[in-house]
Structures are given as structure tokens and as C-alpha cells.
Amino acid sequence: MADLGAKWKILRSVMMIFLNFALAFVCVKAERGLKIETLRFNGTERQDSNYLLKAVNFLWQPEGSGYHHVWPELKFGWEIVLGTIIGFFGAAFGSVGGVGGGGMIMGAAVSTVYYNLKLRHPTLDMPIIDYDLALLIQPMLMLGISIGVAFNVIFADWMVTVLLIVLFIGTSTKAFLKGVETWKRETILKKEAARCLGSNGAGAGEVEYKSLPSGPRSGPQKDAMEPEVTILENINWKELGLLVFVWVAFLGLQIAKNHTASCSIVYWVLDLLQIPVSLVVSLYEAISLYKGRRVIASKGDDGKSFRVFQLVSYCAFGVLAGIVGGLLGLGGGFIMGPLFLELGVPPQVSSATATFAMTFSSSMSVVEYYLLKRFPVPYALYFVAVATIAAFVGQHVVRKLIILLGRASLIIFILAFMIFVSAISLGGVGISNMIGKFHRHEYMGFENLCKYDR
């Protein structure tokens, strides 16, 4: 009963977030003149109407815009060197935790997925990427990305900054607590293994070099140094084909939408067609999981039976992750990583699956921002190359550390650290820009999506 109550609280929170987004969208579409008229009483304005009018003018001006395209030329200097160093370490750690955003993380995600395609699950006989879990959530994530990108155009920068800080601090705290819990569980496992080895006459030092990944088991623990398999053996082609179909369908709809007049009937028809595309694929996977024809194997026995409430919740979180990812220019990994961990997925599988899903979502986010002319191509290409190299280095180094220390919780701590650093750095830059706009008396309200210059 307590478990049901906790799940209801989670679903209620998700519903409230969706409701807030919907209300914000309605506010953007409301006519300013109607609001002014409601402030009048018997031909005279109330005493407090001036304050309300100021609030209305601050948040909504039909012709107002606070966004300006800034595409600086790519010139080598200390800024590029510093940005390269920060970007390298950010991509290296981000690829391990399965987080990041935009064009940079797309390069890191592609190289990380290539690296992970040769790896197997730490305790089960399956790929380290859980294709069924990705197929359930990824189409909803793609749908959320499209909604989030539209909200990014509508919402003011300061609104995005506030949401980013609140969300990232919350998720980083949750991930850190999950890491502490996993660390304690690993410590218990190491002590038990030490006692077993000691009773057999083996030295306790041998335990330090045994990997003790958390997660379900289907048999004896596999050797940590088990050789990699070929990529072709490790791909589930049917699930991959469905994911590619969703990506191609969304790409075609976005390109077609870009060649139509904003907010025309054709524009909205093409926009709404994304809903059935994503729903059909996720519904197919959800029904298969519910009837037991498919399983989320990375969860072991817990992944063989699902209730309708659970499947709906997972899909809702997928949409939420996409909305947040599209709104903040991310790939959704900041939500999916902690979510997969809460579902009981081992850290290695959580990171690999989140990164695999981000390959599709981040690339689609790049396409949508490029079509909106919010994408500096020279910088993007440069940092994609940096992130690709960094991801290979990060994956190799952290995998060696996990094997050496026998602690997969390192992935969770890296995830929490990256989310927290992102909250501080991106939030700090956003607050600085917000203060600058306020002092310059620039417009800081909602944008008009239908009048956005593409």
C-alpha cells in the first residue's frame, strides 16, 4: 500500500509539471488586450491594476523578443583552449554518466555507443544496452524533445535558468543518495567475498580486483575481464530498426514543417503527426511487456511482469525527460539516468542505455535547433570532435577503475557530480545573463512562436 502511495505521488508530480507547461502555453497565447479589459471596473482601473499591467507587459508583448542570434566566429585563443579543456572533461565524465546535451554530447554519445556495443551485461547473458527499455521510453523521449524545443522558443531565458537549477539540484541529490546506497551494498558484498575467500585460504587482497557490479543475476558472476564480443552479435536488430524508424519519421516531419508557414494548418498537422508515430511504437512495446511477450531483461526477474500504472509512468517520464531535454538543450540523460537507477537497472546498463537513447534524442535536438537557426555550426563541429575523443578516453579509464576497485557505484557518483556541476555552471551563466538583461531593460517575457523568424 505504501508502495502504491509513493507511486501515486510520483505520477501526481509528473501531472502537475505537465499542467504547468500547459498553463504557461495558454498564457502565451492569451490576448493582452483581454487582460487589460478585465482590470477595468465601472470605467476606472483598480488601484492595483498598474502592478498587474506591469507584470503583463513584463511577461508578454506581442512584438517583443529577448532572443538574438549570436554566432561568433571561431578564432583560436585562450577562450577556445579553456573551452576545449572544460569540454573534454565534461564530455569524458558525461559519457560515463550518460548525460549531456546538444551537438557536443551527440559526438560523445555516438562514440560511447560504439564502445558499448561490444560489451555485455555485468551479470546477465545479454548486451549491456537494454534495447527493450530503450524502445519503451525512446519514442516518448523524442516526442518530448519536440515539445521542449518549442517551449525553448516560447519561454524566456530566465525561466529556463530557474527550471534548470531546480531540476538539476534535485536530480543530482537523488543520484548522489543512490550512489551512497549502492556503495554501501558493494561494501557488504566485498566483505562477504573476503570472508568466503578467507575460509578457503585465499588472501583478502584478491577481492580488491574483483568486479562486484550491482543488479540482477542469472547465474555465477562473470569474470570481470571477459573478452568483448563483436558488434554484430550484440545488436538486437528488430528493436534498433524500430528506433531508427521513429528517428527518421521525426526527421522527415521536422524538415517538412520547416518548409511550411509558421502556425499554418499544415504546420500544425505535421507537428501533431509526431504523436501517433511515437505512441504506436511505445504502445507496441508496452503491450508486449504487459502480456509477457517481451521483458526488460536487465532487471532480472523484476523485469518480467509489469502493471499498466508502471508502464504509463515510464512513458510519462520519457515525455518529461524529452521536454526538459529539449527546453534546456539536453539529450534527456539528466532525467533518464537517475530514472533507470530508480528502476533497479545496474549502473553500467543504466549509463549505456541512457547514452544509447541520447544518440537519437540529441541528434534530433541538434536538427531542430539548426532548423530554428539557433545552432552555431563551426563551434558545434569542433566540439563534436573533442567530445568524440573524450568519450573514448572516459569510457576506457572508468571501465578500468570499475574493474580494479569492484565498484560500479563510481558511475552513479560521476552522474551526480556532472548534474550538480551543470546546475552551478549553467545556472551561474544564466543568472549573469539575466542580471545583464535586467539592467539593460531588455524584454524578458514570453516569445511568440508564430512570429519567430526562422
# chains A, B, ... in the order shown; residues from 1 in each chain; ligands from 1
>>> residues_around(residues="range 235-241 of chain A", least_positions_apart="2", cutoff="12 Å", atoms="only C-alpha atoms", output="ChimeraX atom specification")
/A:113-114,116-120,126-136,138-139,229-233,243-248,281-282,284-285,294,356-357,360
>>> select_by_dssp(residues="range 320-388 of chain A", states="helix (DSSP H, G or I)", output="NGL selection string")
:A and (320-328 or 333-342 or 347-371 or 377-388)
>>> atom_distance(atom1="CA of Ala380 in chain A", atom2="CA of Ser111 in chain A")
15.8 Å
>>> closest_residue(among="A:Leu143, A:Leu164, A:Leu410, A:Leu404", to="Leu273 in chain A", atoms="only C-alpha atoms")
A:Leu143
>>> closest_residue(among="A:Ile147, A:His121, A:Pro347, A:Ser313", to="Arg407 in chain A", atoms="only C-alpha atoms")
A:Pro347
>>> closest_residue(among="A:Ser288, A:Thr173, A:Ser361, A:Ser298", to="Ala423 in chain A", atoms="only C-alpha atoms")
A:Thr173
